[in-house]
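A.B. asks: Could you have a look at this structure, given as structure tokens, before my questions?
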Protein chains: 2
Amino acid sequence: MRIKINKTRVALIQMSMEEEVSKNLKKAKQMVIDAAKDKAKIICLPEMYKSLYFCQKEDHKFFKIAEKLDGESFSEFSKISKKYKIIIIVPIFEKRANGLYHNSLIVINDRGELEGFYRKMHIPDDPLYYEKFYFTPGDTGFKAFKTKFGNIGTLICWDQWYPEAARITSLKGAEILFYPTAIGWHPSEKDKYGESQRESWITIQRSHAIANGVYVASVNRVGFERIDQNSDGIIFWGSSFICNPQGKILVKASEDKEEILVADLDFSKTDIFRTHWPFLRDRRIDAYNEITKRFID
Amino acid sequence: MRIKINKTRVALIQMSMEEEVSKNLKKAKQMVIDAAKDKAKIICLPEMYKSLYFCQKEDHKFFKIAEKLDGESFSEFSKISKKYKIIIIVPIFEKRANGLYHNSLIVINDRGELEGFYRKMHIPDDPLYYEKFYFTPGDTGFKAFKTKFGNIGTLICWDQWYPEAARITSLKGAEILFYPTAIGWHPSEKDKYGESQRESWITIQRSHAIANGVYVASVNRVGFERIDQNSDGIIFWGSSFICNPQGKILVKASEDKEEILVADLDFSKTDIFRTHWPFLRDRRIDAYNEITKRFID
């Protein structure tokens, strides 16, 4: 008797970036090809893989890095996707129209076609993370994609702090949530608060796995970047990870090295996870409408 | 110069129960008095503190344990509340009308008055947790109470797995969420899955703290109980804890001993937590309405 195993290899590309865009693209392509050769079927790059995290400073010159949904990132990764018959999730800085930019990602299917895209819905703004200057909040809503290798949901960085985003994406059929990310420490805070900050970041994402009975795959960049010479810069904390629908971390990357993080996931077990922790069954959808309020005062 | 400190002592009563209701009541009262003498200002008992966890079996005889909102639990704890000028959260098995029962809690204010009540909204049903037989799902919606010692939100056990419940309770002004609970291990599963199950339980609750910028205080029972002699019973896992708005556990109880778990919390810091992790600021309330769907197919 043969036991049926339906494992799908997922890979996250944890990488560091440099100033020259073409070099980041070249490195990302090579790492994706390496992952594909290692039999990964769904591969995800980190948020804005093509550039330094320029949002450390508000400077109009960075808008020129942006590209169209079917721009260079699509054409380059489309070829790889088609050749290796894989799904690639590619975050891009999207120029949608003159004066209208998004923090987006594209999903390329195993035939090299644009399966769809997602525009980051929640935009942060904090010291050295001045994203509201660059990115218009997304108008795609939350997205799940049925692909040859699994039903995937895609969210971006700051979205990861919002249970609503994970919930709606999962209700749309996602059985794994991908979170391409760019998050790190302010050097002056690292010693005192660093561990606690990263722990909060891991915990909130594990909780989305638990609440929704989905896998979660989060991919961050590594390295120290300083865009504004008057600031101390950011130490991106890596720590990319993949956890199962109980929030158990299956694999976790280092905090400072480039890595291809790989896990073999069995999406055929989603029903087992969800019937043993039957949270979806008991949601009180008659009582959640106030969640669309800013505050209830 | 004196630095202003606004600490409020919160206490959780982690206890074991026995068959005789009057003995559980007596013990619970003594532990609450002990906590009050130790200067606790908000005290919370575990779910259905007055009885064994009878939901292990579907048996009509247990309905007779139920009481009215202003029944014995109210009258007994009201006296303590008034005498020590404290807030007490008392979970009860509520008889609302003939044939209509809830898993509820009452909040007694520092003047010994019934400040309000909450009826468990999410009702589980799993092997040995046959709650759907006994409890009608609550119709109170989610509740927050402004008390003399803080704005408190109250939820019960299975509610803890639902980010929607924590979110709406927080939007109503709660700065601490209380989760009276009765959760434990099936003896046959403990070795293999026990640690992972408890870890999921802790993680999801810590995530509510993070997502909403609130303290979370969860209080469970301890001890082995077997109601159905044909079953293996349940080992209630204790592990009551209080965490801060970053999800950091401040205090945690043992898994097998009765304890009064105490923490001194500073609600005046809630604004600092929330402006440093400014999640409430960026919610996309225009995009959450699908959360009221069962599934989006």
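Letters A, B, ... mark the chains of the structure tokens in the order given; residue numbers begin at 1 per chain; ligand numbers begin at 1, in order shown.
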Which residues of chain B are close to chain A, meaning at most 9 Å apart when you count only C-alpha atoms, and how do they look as a count of residues only?

C.D. replies: 60

A.B. asks: Quick check for you: according to DSSP on this backbone, which residues of range 155-286 of chain B are classed as strand (DSSP E)? Reply as an MDAnalysis selection string.

C.D. replies: chainID B and resid 176:180 184:185 215:219 222:225 234:237 241:243 249:252 259:266

A.B. asks: If you run DSSP over the backbone, which residues in range 111-191 of chain B end up alpha helix (DSSP H)? Put them as a list in words.

C.D. replies: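 Residues meeting the alpha helix (DSSP H) criterion: Glu131, Lys132, Phe133, Tyr134, Pro163, Glu164, Ala165, Ala166, Arg167, Ile168, Thr169, Ser170, Leu171, Pro187, Ser188, Glu189, Lys190 and Asp191 of chain B.
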
A.B. asks: What's the 7 Å shell around Thr136 in chain B, counting only C-alpha atoms, without same-chain residues fewer than 5 positions away, as a PDB file with C-alpha atoms, in the first residue's frame?

C.D. replies:
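This went into part22.pdb:
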```
ATOM      1  CA  LEU B 100     -32.690  28.986  27.440  1.00  0.00           C
ATOM      2  CA  TYR B 101     -29.218  28.891  28.962  1.00  0.00           C
ATOM      3  CA  HIS B 102     -26.007  30.803  28.331  1.00  0.00           C
TER       4      HIS B 102
END
```

A.B. asks: Identify which of the residues B:Ile152, B:Leu265, B:Val32, B:Val214 lies closest to Lys83 in chain B, counting only C-alpha atoms when measuring atom-to-atom distances.

C.D. replies: B:Val32

A.B. asks: Write out as a list of chain:residue names which residues come within 9 Å of range 184-190 of chain A when counting only C-alpha atoms, dropping same-chain ones fewer than 3 positions away.

C.D. replies: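 After dropping sequence-adjacent residues, the list is A:Leu128, A:Tyr193, A:Gly194, A:Glu195, A:Gln197, A:Arg198, A:Asn220, A:Arg221, A:Val222, A:Phe224, A:Asp232, A:Gly233, A:Ile234, A:Ile235, A:Phe236, A:Trp237, A:Gly238.
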
A.B. asks: Would you kindly return, as a list in words, each protein, DNA or RNA residue with an atom no farther than 10 Å from any atom of Phe145 in chain B, considering only C-alpha atoms and excluding same-chain residues fewer than 4 positions away?

C.D. replies: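 Contacts, with the query itself left out: Val107, Asn109, Glu115, Gly116, Phe117, Gly150, Asn151, Ile152, Gly153, Thr154, Thr169, Lys172, Gly173, Ala174 and Glu175 of chain B.
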